[in-house]
file model12.tsv (TSV, C-alpha atoms and all ligand atoms)
chain	number	residue	atom	x	y	z
A	803	MET	CA	46.71	125.61	126.14
A	804	ASN	CA	45.06	128.52	124.42
A	805	ALA	CA	43.08	131.50	125.63
A	806	GLU	CA	39.77	130.08	124.47
A	807	ARG	CA	40.27	126.73	126.20
A	808	SER	CA	41.49	128.48	129.32
A	809	GLY	CA	38.09	130.11	129.67
A	810	ALA	CA	39.72	133.51	130.25
A	811	THR	CA	38.14	134.95	127.09
A	812	ASN	CA	34.78	136.34	128.22
A	813	ALA	CA	32.42	137.27	125.39
A	814	THR	CA	29.63	137.84	127.95
A	815	PRO	CA	29.93	140.55	130.64
A	816	ALA	CA	33.10	140.10	132.69
A	817	ALA	CA	32.77	138.07	135.86
A	818	PRO	CA	33.74	139.78	139.12
A	819	PRO	CA	37.51	139.54	139.65
A	820	ASP	CA	37.32	136.73	142.22
A	821	GLU	CA	35.30	134.49	139.91
A	822	ARG	CA	37.13	135.10	136.64
A	823	PRO	CA	38.60	131.77	135.46
A	824	MET	CA	42.32	131.58	134.84
A	825	PRO	CA	44.37	129.28	132.60
A	826	ALA	CA	44.96	125.94	134.28
A	827	ASN	CA	48.47	124.97	133.22
A	828	ARG	CA	51.72	125.49	135.08
A	829	LEU	CA	55.37	125.50	134.10
A	830	ARG	CA	56.94	122.45	135.70
A	831	ARG	CA	60.00	124.35	136.87
A	832	LYS	CA	60.94	126.51	139.83
A	833	ASP	CA	62.75	129.26	137.93
A	834	LEU	CA	62.86	131.13	134.65
A	835	VAL	CA	66.52	132.02	134.24
A	836	GLY	CA	66.90	131.75	130.48
A	837	ILE	CA	65.28	130.91	127.17
A	838	ALA	CA	68.02	128.30	126.81
A	839	GLU	CA	66.16	126.06	129.27
A	840	LEU	CA	62.70	126.44	127.72
A	841	SER	CA	61.13	123.98	125.29
A	842	VAL	CA	58.94	125.02	122.36
A	843	ASP	CA	55.91	123.81	124.36
A	844	GLU	CA	56.86	125.95	127.37
A	845	ILE	CA	57.40	129.04	125.19
A	846	THR	CA	54.04	128.44	123.50
A	847	LEU	CA	52.35	127.99	126.89
A	848	ILE	CA	53.74	131.32	128.12
A	849	LEU	CA	52.71	133.17	124.94
A	850	ASP	CA	49.22	131.63	124.96
A	851	THR	CA	48.76	132.42	128.65
A	852	ALA	CA	49.84	136.01	127.99
A	853	VAL	CA	46.94	136.36	125.53
A	854	ALA	CA	44.53	135.67	128.39
A	855	MET	CA	46.52	137.91	130.75
A	856	LYS	CA	46.38	140.81	128.28
A	857	GLU	CA	42.60	140.81	128.63
A	858	VAL	CA	42.96	141.55	132.34
A	859	SER	CA	44.69	144.83	131.48
A	860	SER	CA	41.75	145.84	129.29
A	861	LEU	CA	39.17	145.43	132.07
A	862	SER	CA	37.96	148.30	134.22
A	863	ILE	CA	39.08	146.34	137.30
A	864	LYS	CA	42.58	145.27	136.27
A	865	LYS	CA	43.01	142.59	138.92
A	866	VAL	CA	42.64	138.83	139.31
A	867	PRO	CA	43.33	136.81	142.46
A	868	ALA	CA	45.76	134.32	140.90
A	869	LEU	CA	48.73	135.17	143.17
A	870	ARG	CA	46.79	136.14	146.26
A	871	GLY	CA	48.81	135.15	149.32
A	872	LYS	CA	52.07	134.91	147.34
A	873	THR	CA	54.96	137.27	148.02
A	874	VAL	CA	57.16	138.50	145.18
A	875	VAL	CA	60.37	140.45	145.81
A	876	ASN	CA	61.90	142.45	142.96
A	877	LEU	CA	65.66	142.72	143.43
A	878	PHE	CA	67.15	145.19	140.98
A	879	PHE	CA	70.93	145.58	141.19
A	880	GLU	CA	70.98	147.47	137.88
A	881	ALA	CA	68.91	150.35	136.49
A	882	SER	CA	65.59	149.59	134.81
A	883	THR	CA	62.47	151.46	133.75
A	884	ARG	CA	60.40	149.03	131.66
A	885	THR	CA	61.22	145.66	133.20
A	886	ARG	CA	60.91	146.70	136.81
A	887	THR	CA	57.74	148.71	136.28
A	888	SER	CA	56.04	146.01	134.26
A	889	PHE	CA	56.94	143.28	136.76
A	890	GLU	CA	55.54	145.44	139.56
A	891	ILE	CA	52.32	146.12	137.62
A	892	ALA	CA	52.02	142.45	136.64
A	893	GLU	CA	52.40	141.36	140.27
A	894	LYS	CA	49.75	143.83	141.44
A	895	ARG	CA	47.34	142.76	138.69
A	896	LEU	CA	47.71	139.18	139.93
A	897	SER	CA	47.08	140.31	143.55
A	898	ALA	CA	50.54	139.28	144.83
A	899	ASP	CA	52.09	140.98	147.83
A	900	THR	CA	55.06	142.69	146.28
A	901	LEU	CA	58.00	144.88	147.15
A	902	SER	CA	61.00	146.17	145.27
A	903	ILE	CA	64.55	146.56	146.48
A	904	ALA	CA	67.11	148.59	144.55
A	905	ALA	CA	70.80	147.89	145.10
A	906	GLY	CA	71.48	151.51	146.02
A	907	THR	CA	69.11	151.37	148.99
A	908	SER	CA	70.04	147.87	150.17
A	909	ALA	CA	72.85	146.56	152.38
A	910	VAL	CA	74.77	145.73	149.17
A	911	VAL	CA	76.26	149.23	149.46
A	912	LYS	CA	77.71	148.11	152.83
A	913	GLY	CA	79.45	145.17	151.20
A	914	GLU	CA	76.88	142.39	151.66
A	915	THR	CA	77.28	139.57	149.15
A	916	LEU	CA	74.58	138.55	146.67
A	917	ALA	CA	74.20	135.20	148.44
A	918	ASP	CA	73.82	136.83	151.88
A	919	THR	CA	71.29	139.33	150.50
A	920	ALA	CA	69.28	136.50	148.96
A	921	HIS	CA	69.42	134.31	152.08
A	922	ASN	CA	68.28	137.20	154.27
A	923	ILE	CA	65.35	137.98	151.99
A	924	GLU	CA	64.50	134.27	151.84
A	925	ALA	CA	64.36	134.18	155.64
A	926	MET	CA	61.16	136.25	155.23
A	927	SER	CA	59.57	133.52	153.06
A	928	PRO	CA	58.99	135.09	149.65
A	929	ASP	CA	57.66	132.83	146.90
A	930	LEU	CA	59.35	134.42	143.91
A	931	LEU	CA	62.42	136.63	143.41
A	932	VAL	CA	62.64	138.77	140.27
A	933	VAL	CA	66.31	139.61	139.80
A	934	ARG	CA	68.27	141.99	137.58
A	935	HIS	CA	72.02	141.95	138.01
A	936	SER	CA	75.03	143.25	136.09
A	937	SER	CA	76.85	139.89	136.35
A	938	SER	CA	76.10	137.21	133.78
A	939	GLY	CA	75.11	134.06	135.65
A	940	ALA	CA	73.85	135.84	138.79
A	941	CYS	CA	70.32	134.49	138.28
A	942	HIS	CA	71.52	130.92	137.69
A	943	PHE	CA	73.53	131.20	140.89
A	944	LEU	CA	70.53	132.42	142.86
A	945	SER	CA	68.27	129.75	141.37
A	946	ARG	CA	70.66	127.11	142.78
A	947	ILE	CA	70.94	128.53	146.30
A	948	CYS	CA	67.37	129.81	146.75
A	949	ARG	CA	64.29	127.89	147.76
A	950	SER	CA	62.11	130.57	146.10
A	951	GLY	CA	61.56	130.66	142.37
A	952	VAL	CA	63.95	133.01	140.56
A	953	ILE	CA	62.96	134.99	137.46
A	954	ASN	CA	65.76	136.54	135.45
A	955	ALA	CA	64.98	140.19	134.70
A	956	GLY	CA	68.29	140.58	132.83
A	957	ASP	CA	71.72	139.31	133.89
A	958	GLY	CA	74.79	141.06	132.53
A	959	MET	CA	75.39	140.23	128.87
A	960	HIS	CA	73.80	136.78	129.24
A	961	GLU	CA	69.99	136.59	128.95
A	962	HIS	CA	66.82	138.67	129.30
A	963	PRO	CA	64.20	135.95	128.83
A	964	THR	CA	61.03	137.92	129.53
A	965	GLN	CA	62.13	140.58	127.01
A	966	ALA	CA	62.48	137.93	124.30
A	967	LEU	CA	59.11	136.48	125.28
A	968	LEU	CA	57.39	139.86	125.01
A	969	ASP	CA	59.13	140.52	121.70
A	970	ALA	CA	57.88	137.18	120.38
A	971	PHE	CA	54.41	137.88	121.75
A	972	THR	CA	54.35	141.23	119.92
A	973	ILE	CA	55.45	139.70	116.62
A	974	ARG	CA	53.03	136.77	116.93
A	975	GLU	CA	50.15	139.09	117.87
A	976	ARG	CA	50.70	141.17	114.71
A	977	LYS	CA	51.76	138.45	112.26
A	978	GLY	CA	49.88	135.46	113.64
A	979	ARG	CA	53.00	133.28	113.76
A	980	LEU	CA	56.77	133.26	114.27
A	981	ALA	CA	57.81	130.37	112.03
A	982	GLY	CA	59.13	131.42	108.65
A	983	LEU	CA	59.30	135.15	109.43
A	984	LYS	CA	62.47	137.07	108.65
A	985	VAL	CA	63.54	138.95	111.77
A	986	ALA	CA	66.54	141.29	111.50
A	987	ILE	CA	68.26	142.21	114.77
A	988	CYS	CA	70.70	145.08	114.32
A	989	GLY	CA	73.07	147.11	116.48
A	990	ASP	CA	75.34	146.34	119.41
A	991	LEU	CA	75.11	142.56	119.29
A	992	LEU	CA	78.14	141.96	121.49
A	993	HIS	CA	76.81	143.40	124.74
A	994	SER	CA	73.15	142.47	124.32
A	995	ARG	CA	71.39	139.97	126.59
A	996	VAL	CA	68.23	140.78	124.62
A	997	LEU	CA	69.95	139.46	121.50
A	998	ARG	CA	70.99	136.20	123.15
A	999	SER	CA	67.51	135.46	124.41
A	1000	ASN	CA	65.91	136.45	121.10
A	1001	VAL	CA	68.26	134.32	119.01
A	1002	LEU	CA	67.43	131.31	121.18
A	1003	LEU	CA	63.70	131.93	121.21
A	1004	LEU	CA	63.15	132.97	117.59
A	1005	GLY	CA	65.41	130.20	116.32
A	1006	ARG	CA	63.57	127.62	118.41
A	1007	MET	CA	60.22	128.85	117.08
A	1008	GLY	CA	61.33	128.60	113.44
A	1009	ALA	CA	61.99	132.25	112.53
A	1010	ASP	CA	64.68	133.19	110.02
A	1011	VAL	CA	67.02	135.34	112.14
A	1012	TRP	CA	69.44	137.86	110.63
A	1013	LEU	CA	72.00	139.71	112.74
A	1014	CYS	CA	73.68	142.93	111.63
A	1015	GLY	CA	76.28	145.09	113.31
A	1016	PRO	CA	79.85	146.29	112.98
A	1017	PRO	CA	82.24	143.30	112.95
A	1018	THR	CA	83.70	144.61	116.23
A	1019	LEU	CA	80.28	144.21	117.88
A	1020	VAL	CA	79.45	140.69	116.65
A	1021	PRO	CA	79.97	138.06	119.36
A	1022	ALA	CA	82.08	135.03	118.53
A	1023	GLY	CA	80.18	131.77	118.17
A	1024	PHE	CA	76.92	133.09	116.74
A	1025	GLY	CA	77.87	131.74	113.30
A	1026	ARG	CA	77.16	128.25	114.65
A	1027	SER	CA	73.68	129.07	115.96
A	1028	GLY	CA	71.86	128.91	112.62
A	1029	VAL	CA	71.50	132.68	112.20
A	1030	HIS	CA	72.68	134.79	109.27
A	1031	ILE	CA	75.31	137.40	110.11
A	1032	THR	CA	76.05	140.43	107.94
A	1033	SER	CA	77.58	143.86	108.31
A	1034	SER	CA	75.26	145.19	105.58
A	1035	LEU	CA	72.16	146.79	107.06
A	1036	ASP	CA	70.50	146.72	103.64
A	1037	GLU	CA	70.99	142.96	103.35
A	1038	ALA	CA	69.65	142.34	106.86
A	1039	VAL	CA	66.56	144.49	106.32
A	1040	GLU	CA	65.71	143.32	102.78
A	1041	GLY	CA	62.27	141.66	102.91
A	1042	ALA	CA	62.22	141.57	106.73
A	1043	ASP	CA	58.95	141.05	108.60
A	1044	ALA	CA	60.38	142.62	111.75
A	1045	VAL	CA	63.41	144.79	112.40
A	1046	MET	CA	64.65	144.95	115.97
A	1047	MET	CA	67.20	147.65	116.76
A	1048	LEU	CA	69.53	147.25	119.71
A	1049	ARG	CA	71.00	150.00	121.84
A	1050	ILE	CA	74.67	150.87	121.72
A	1051	GLN	CA	75.66	149.96	125.29
A	1052	LEU	CA	78.35	152.54	125.93
A	1053	GLU	CA	78.34	151.68	129.65
A	1054	ARG	CA	79.58	148.14	128.87
A	1055	MET	CA	82.21	149.21	126.32
A	1056	LEU	CA	85.85	149.27	127.37
A	1057	GLY	CA	87.39	150.01	123.97
A	1058	GLY	CA	86.60	151.94	120.78
A	1059	TYR	CA	84.34	149.62	118.78
A	1060	PHE	CA	83.55	152.28	116.14
A	1061	PRO	CA	84.92	155.75	115.36
A	1062	THR	CA	82.09	158.06	116.49
A	1063	LEU	CA	78.36	157.89	117.20
A	1064	ARG	CA	77.72	160.07	114.15
A	1065	GLU	CA	79.68	157.61	111.98
A	1066	TYR	CA	77.81	154.70	113.56
A	1067	PHE	CA	74.42	156.22	112.68
A	1068	LYS	CA	75.54	156.84	109.10
A	1069	VAL	CA	76.39	153.14	108.58
A	1070	PHE	CA	74.26	151.22	111.08
A	1071	GLY	CA	71.47	153.62	112.11
A	1072	MET	CA	67.97	152.57	111.02
A	1073	THR	CA	66.06	155.25	109.15
A	1074	VAL	CA	62.67	155.47	107.42
A	1075	GLU	CA	64.48	155.27	104.08
A	1076	ARG	CA	66.46	152.13	104.99
A	1077	ALA	CA	63.38	150.47	106.46
A	1078	ARG	CA	61.69	150.70	103.02
A	1079	ARG	CA	63.71	147.64	101.99
A	1080	ALA	CA	61.70	145.60	104.48
A	1081	LYS	CA	58.18	144.25	103.87
A	1082	ALA	CA	55.48	146.91	103.60
A	1083	ASP	CA	53.98	145.74	106.90
A	1084	VAL	CA	57.32	145.54	108.73
A	1085	LEU	CA	57.34	145.86	112.51
A	1086	ILE	CA	59.94	148.28	113.85
A	1087	MET	CA	61.01	147.13	117.31
A	1088	HIS	CA	63.37	148.22	120.07
A	1089	PRO	CA	63.59	146.81	123.60
A	1090	GLY	CA	64.51	150.24	124.99
A	1091	PRO	CA	66.00	152.38	126.23
A	1092	MET	CA	66.59	153.95	122.80
A	1093	ASN	CA	69.48	156.10	121.71
A	1094	ARG	CA	67.62	158.28	119.22
A	1095	GLY	CA	69.82	159.35	116.33
A	1096	VAL	CA	72.35	156.61	117.13
A	1097	GLU	CA	70.80	153.20	116.34
A	1098	ILE	CA	67.38	154.50	115.25
A	1099	ALA	CA	66.02	157.70	113.76
A	1100	SER	CA	63.31	159.43	115.78
A	1101	ASP	CA	60.80	159.59	112.92
A	1102	LEU	CA	61.05	155.80	112.48
A	1103	ALA	CA	60.82	155.12	116.22
A	1104	ASP	CA	57.69	157.28	116.45
A	1105	GLY	CA	56.27	156.35	113.05
A	1106	PRO	CA	53.36	154.14	111.97
A	1107	ASP	CA	55.43	150.95	111.66
A	1108	SER	CA	56.80	151.22	115.18
A	1109	VAL	CA	55.51	148.71	117.77
A	1110	ILE	CA	57.97	149.86	120.43
A	1111	LEU	CA	55.29	150.93	122.90
A	1112	ASP	CA	53.24	147.80	122.11
A	1113	GLN	CA	56.29	145.83	123.27
A	1114	VAL	CA	56.17	147.72	126.56
A	1115	ALA	CA	52.43	147.13	126.98
A	1116	ASN	CA	52.82	143.45	126.16
A	1117	GLY	CA	55.57	143.19	128.75
A	1118	VAL	CA	52.94	143.36	131.49
A	1119	ALA	CA	50.89	140.49	130.01
A	1120	VAL	CA	53.92	138.30	129.39
A	1121	ARG	CA	55.28	138.89	132.91
A	1122	MET	CA	51.85	138.15	134.37
A	1123	ALA	CA	51.91	134.86	132.45
A	1124	VAL	CA	55.39	133.97	133.70
A	1125	LEU	CA	54.57	134.84	137.33
A	1126	TYR	CA	51.33	132.91	137.14
A	1127	LEU	CA	52.76	129.83	135.47
A	1128	LEU	CA	55.69	129.66	137.89
A	1129	SER	CA	53.63	130.31	140.99
A	1130	GLY	CA	52.43	126.71	141.07
A	1131	GLY	CA	55.98	125.45	140.98
A	1132	VAL	CA	57.62	127.30	143.84
A	1133	GLU	CA	57.48	124.60	146.53
A	1134	HIS	CA	60.78	123.02	145.58
A	1135	GLU	CA	63.74	122.18	147.79
A	1136	ALA	CA	66.83	124.31	147.32
A	1137	VAL	CA	69.51	122.14	145.78
A	1138	ALA	CA	72.45	123.84	147.46
A	1201	LIG	N1	64.13	146.53	127.86
A	1201	LIG	C1	64.58	146.71	129.11
A	1201	LIG	O1	65.10	145.79	129.76
A	1201	LIG	O2	64.41	147.98	129.58
A	1201	LIG	P1	64.79	148.45	131.07
A	1201	LIG	O3	66.28	148.41	131.19
A	1201	LIG	O4	64.23	149.84	131.22
A	1201	LIG	O5	64.15	147.47	132.02

call {"tool": "encode", "arguments": {"input": "model12.tsv", "output": "structure tokens"}}
result
Amino acid sequence: MNAERSGATNATPAAPPDERPMPANRLRRKDLVGIAELSVDEITLILDTAVAMKEVSSLSIKKVPALRGKTVVNLFFEASTRTRTSFEIAEKRLSADTLSIAAGTSAVVKGETLADTAHNIEAMSPDLLVVRHSSSGACHFLSRICRSGVINAGDGMHEHPTQALLDAFTIRERKGRLAGLKVAICGDLLHSRVLRSNVLLLGRMGADVWLCGPPTLVPAGFGRSGVHITSSLDEAVEGADAVMMLRIQLERMLGGYFPTLREYFKVFGMTVERARRAKADVLIMHPGPMNRGVEIASDLADGPDSVILDQVANGVAVRMAVLYLLSGGVEHEAVA
């Protein structure tokens, strides 16, 4: 499916919101809990649908009726700025009825379990649950016990599938493809769910993925996943089409993985000078939130090669695509 065939690309004056055609395909699954479960065709469908969805955000009336009558509950048990906001905006642009629950204002603080919270929300008949949780596997668990579709908005150190999808969308939008591109992902690899989802997605789509970080922050097992691993930032960045910097996740660190933040920046911080080893049209990326002066220099993050805010903007289109494509597949029986 592409945007042209979907009919969502209007060269003539835009139709009123209720008449604007939408892409016809659906994901044949109830949940999106990880990139691991997605085929190349499903990833391509989501990225192509997001092209059409991005046009909605450029209209004066940023709304289509695709999810009218559907209820989406955003359950965030962990802090978020970008993911939560962009899911909420995406839901509103698709005309869903939507509400957000943060752990701090829910009965979780009184000791309610995740399963009880989910079952109580499900008693009110939502169609989709968007879930962020600090425990790896929380979204898989909910997808098994919930009748509603579950979308993983980041679970522990496991996966952040919509982040990888929006990263891929941003690269593909700028470069026209993913296959054959050198993508360097650098920083705190160990604690990053963004890394795991990106390695799966970019690898599946044929990109040449390089990982760089201190040996103490390289997860075991990645050597078998077809990626290159180096502790030399220069080697990782050499000739790269895209450089994605990852945040040092101090909140998930129990031990001393490197001497000091100043030392870390000296060896692993990305600067304008180091980025010159990459291709002239390199894309500088970061999923956010950034630690300026730790993994990335401010002048690079704010410079002409940076697509960091494009990633954020594209997050709305990609999440619209995911919500839309899953919304036809929510009438499944719970399996447990
Ligand atoms: N990239 C990302 O997940 O950012 P938030 O934590 O702000 O959602």

call {"tool": "residues_near_ligand", "arguments": {"input": "model12.tsv", "ligand": "ligand LIG 1201 (chain A)", "cutoff": "6 Å", "atoms": "all atoms listed in the file", "output": "count of residues only"}}
result
8

call {"tool": "residues_around", "arguments": {"input": "model12.tsv", "residues": "Gly1117 in chain A", "least_positions_apart": "2", "cutoff": "8 Å", "atoms": "all atoms listed in the file", "output": "PyMOL selection string"}}
result
chain A and resi 885+888+964-965+968+1113-1115+1119-1121

call {"tool": "atom_distance", "arguments": {"input": "model12.tsv", "atom1": "CA of Ile1031 in chain A", "atom2": "CA of Ala1009 in chain A"}}
result
14.5 Å

call {"tool": "atom_distance", "arguments": {"input": "model12.tsv", "atom1": "CA of Asp929 in chain A", "atom2": "CA of Ile891 in chain A"}}
result
17.1 Å

call {"tool": "closest_atom_pairs", "arguments": {"input": "model12.tsv", "of": "range 975-1029 of chain A", "to": "range 839-845 of chain A", "cutoff": "9 Å", "atoms": "all atoms listed in the file", "output": "tab-separated table"}}
result
residue	atom	partner	partner_atom	distance
A:Leu1003	CA	A:Ile845	CA	8.0
A:Arg1006	CA	A:Val842	CA	6.6
A:Met1007	CA	A:Val842	CA	6.6

call {"tool": "decode", "arguments": {"input": "model12.tsv", "residues": "range 1002-1016 of chain A", "atoms": "N, CA, C and O atoms", "output": "mmCIF file, in the first residue's frame"}}
result
data_model
loop_
_atom_site.group_PDB
_atom_site.id
_atom_site.type_symbol
_atom_site.label_atom_id
_atom_site.label_comp_id
_atom_site.auth_asym_id
_atom_site.auth_seq_id
_atom_site.Cartn_x
_atom_site.Cartn_y
_atom_site.Cartn_z
ATOM 1 N N LEU A 1002 16.359 -4.372 15.474
ATOM 2 C CA LEU A 1002 15.448 -5.315 14.813
ATOM 3 C C LEU A 1002 14.899 -4.733 13.517
ATOM 4 O O LEU A 1002 14.908 -5.377 12.468
ATOM 5 N N LEU A 1003 14.437 -3.486 13.604
ATOM 6 C CA LEU A 1003 13.780 -2.894 12.435
ATOM 7 C C LEU A 1003 14.775 -2.598 11.311
ATOM 8 O O LEU A 1003 14.568 -2.989 10.156
ATOM 9 N N LEU A 1004 15.852 -1.917 11.650
ATOM 10 C CA LEU A 1004 16.815 -1.526 10.607
ATOM 11 C C LEU A 1004 17.465 -2.751 9.981
ATOM 12 O O LEU A 1004 17.688 -2.804 8.768
ATOM 13 N N GLY A 1005 17.763 -3.746 10.814
ATOM 14 C CA GLY A 1005 18.340 -4.981 10.292
ATOM 15 C C GLY A 1005 17.372 -5.668 9.333
ATOM 16 O O GLY A 1005 17.746 -6.100 8.248
ATOM 17 N N ARG A 1006 16.119 -5.732 9.739
ATOM 18 C CA ARG A 1006 15.103 -6.391 8.903
ATOM 19 C C ARG A 1006 14.917 -5.653 7.578
ATOM 20 O O ARG A 1006 14.611 -6.267 6.553
ATOM 21 N N MET A 1007 15.121 -4.341 7.583
ATOM 22 C CA MET A 1007 14.903 -3.555 6.359
ATOM 23 C C MET A 1007 16.191 -3.396 5.544
ATOM 24 O O MET A 1007 16.230 -2.630 4.579
ATOM 25 N N GLY A 1008 17.262 -4.080 5.956
ATOM 26 C CA GLY A 1008 18.458 -4.137 5.120
ATOM 27 C C GLY A 1008 19.483 -3.042 5.355
ATOM 28 O O GLY A 1008 20.402 -2.873 4.538
ATOM 29 N N ALA A 1009 19.372 -2.296 6.468
ATOM 30 C CA ALA A 1009 20.385 -1.276 6.769
ATOM 31 C C ALA A 1009 21.623 -1.943 7.357
ATOM 32 O O ALA A 1009 21.563 -3.065 7.875
ATOM 33 N N ASP A 1010 22.744 -1.233 7.258
ATOM 34 C CA ASP A 1010 24.014 -1.697 7.804
ATOM 35 C C ASP A 1010 24.185 -1.009 9.166
ATOM 36 O O ASP A 1010 24.475 0.186 9.229
ATOM 37 N N VAL A 1011 23.937 -1.756 10.246
ATOM 38 C CA VAL A 1011 23.836 -1.139 11.574
ATOM 39 C C VAL A 1011 25.148 -1.285 12.336
ATOM 40 O O VAL A 1011 25.685 -2.398 12.474
ATOM 41 N N TRP A 1012 25.643 -0.148 12.832
ATOM 42 C CA TRP A 1012 26.852 -0.123 13.658
ATOM 43 C C TRP A 1012 26.480 0.365 15.052
ATOM 44 O O TRP A 1012 25.768 1.360 15.180
ATOM 45 N N LEU A 1013 26.971 -0.339 16.064
ATOM 46 C CA LEU A 1013 26.713 0.058 17.450
ATOM 47 C C LEU A 1013 28.024 0.480 18.095
ATOM 48 O O LEU A 1013 29.057 -0.179 17.909
ATOM 49 N N CYS A 1014 27.983 1.567 18.861
ATOM 50 C CA CYS A 1014 29.196 2.040 19.533
ATOM 51 C C CYS A 1014 28.873 2.514 20.944
ATOM 52 O O CYS A 1014 27.939 3.291 21.154
ATOM 53 N N GLY A 1015 29.659 2.045 21.889
ATOM 54 C CA GLY A 1015 29.511 2.496 23.268
ATOM 55 C C GLY A 1015 30.640 1.915 24.083
ATOM 56 O O GLY A 1015 31.399 1.058 23.599
ATOM 57 N N PRO A 1016 30.767 2.341 25.327
ATOM 58 C CA PRO A 1016 31.775 1.732 26.197
ATOM 59 C C PRO A 1016 31.480 0.240 26.351
ATOM 60 O O PRO A 1016 30.304 -0.136 26.420
#
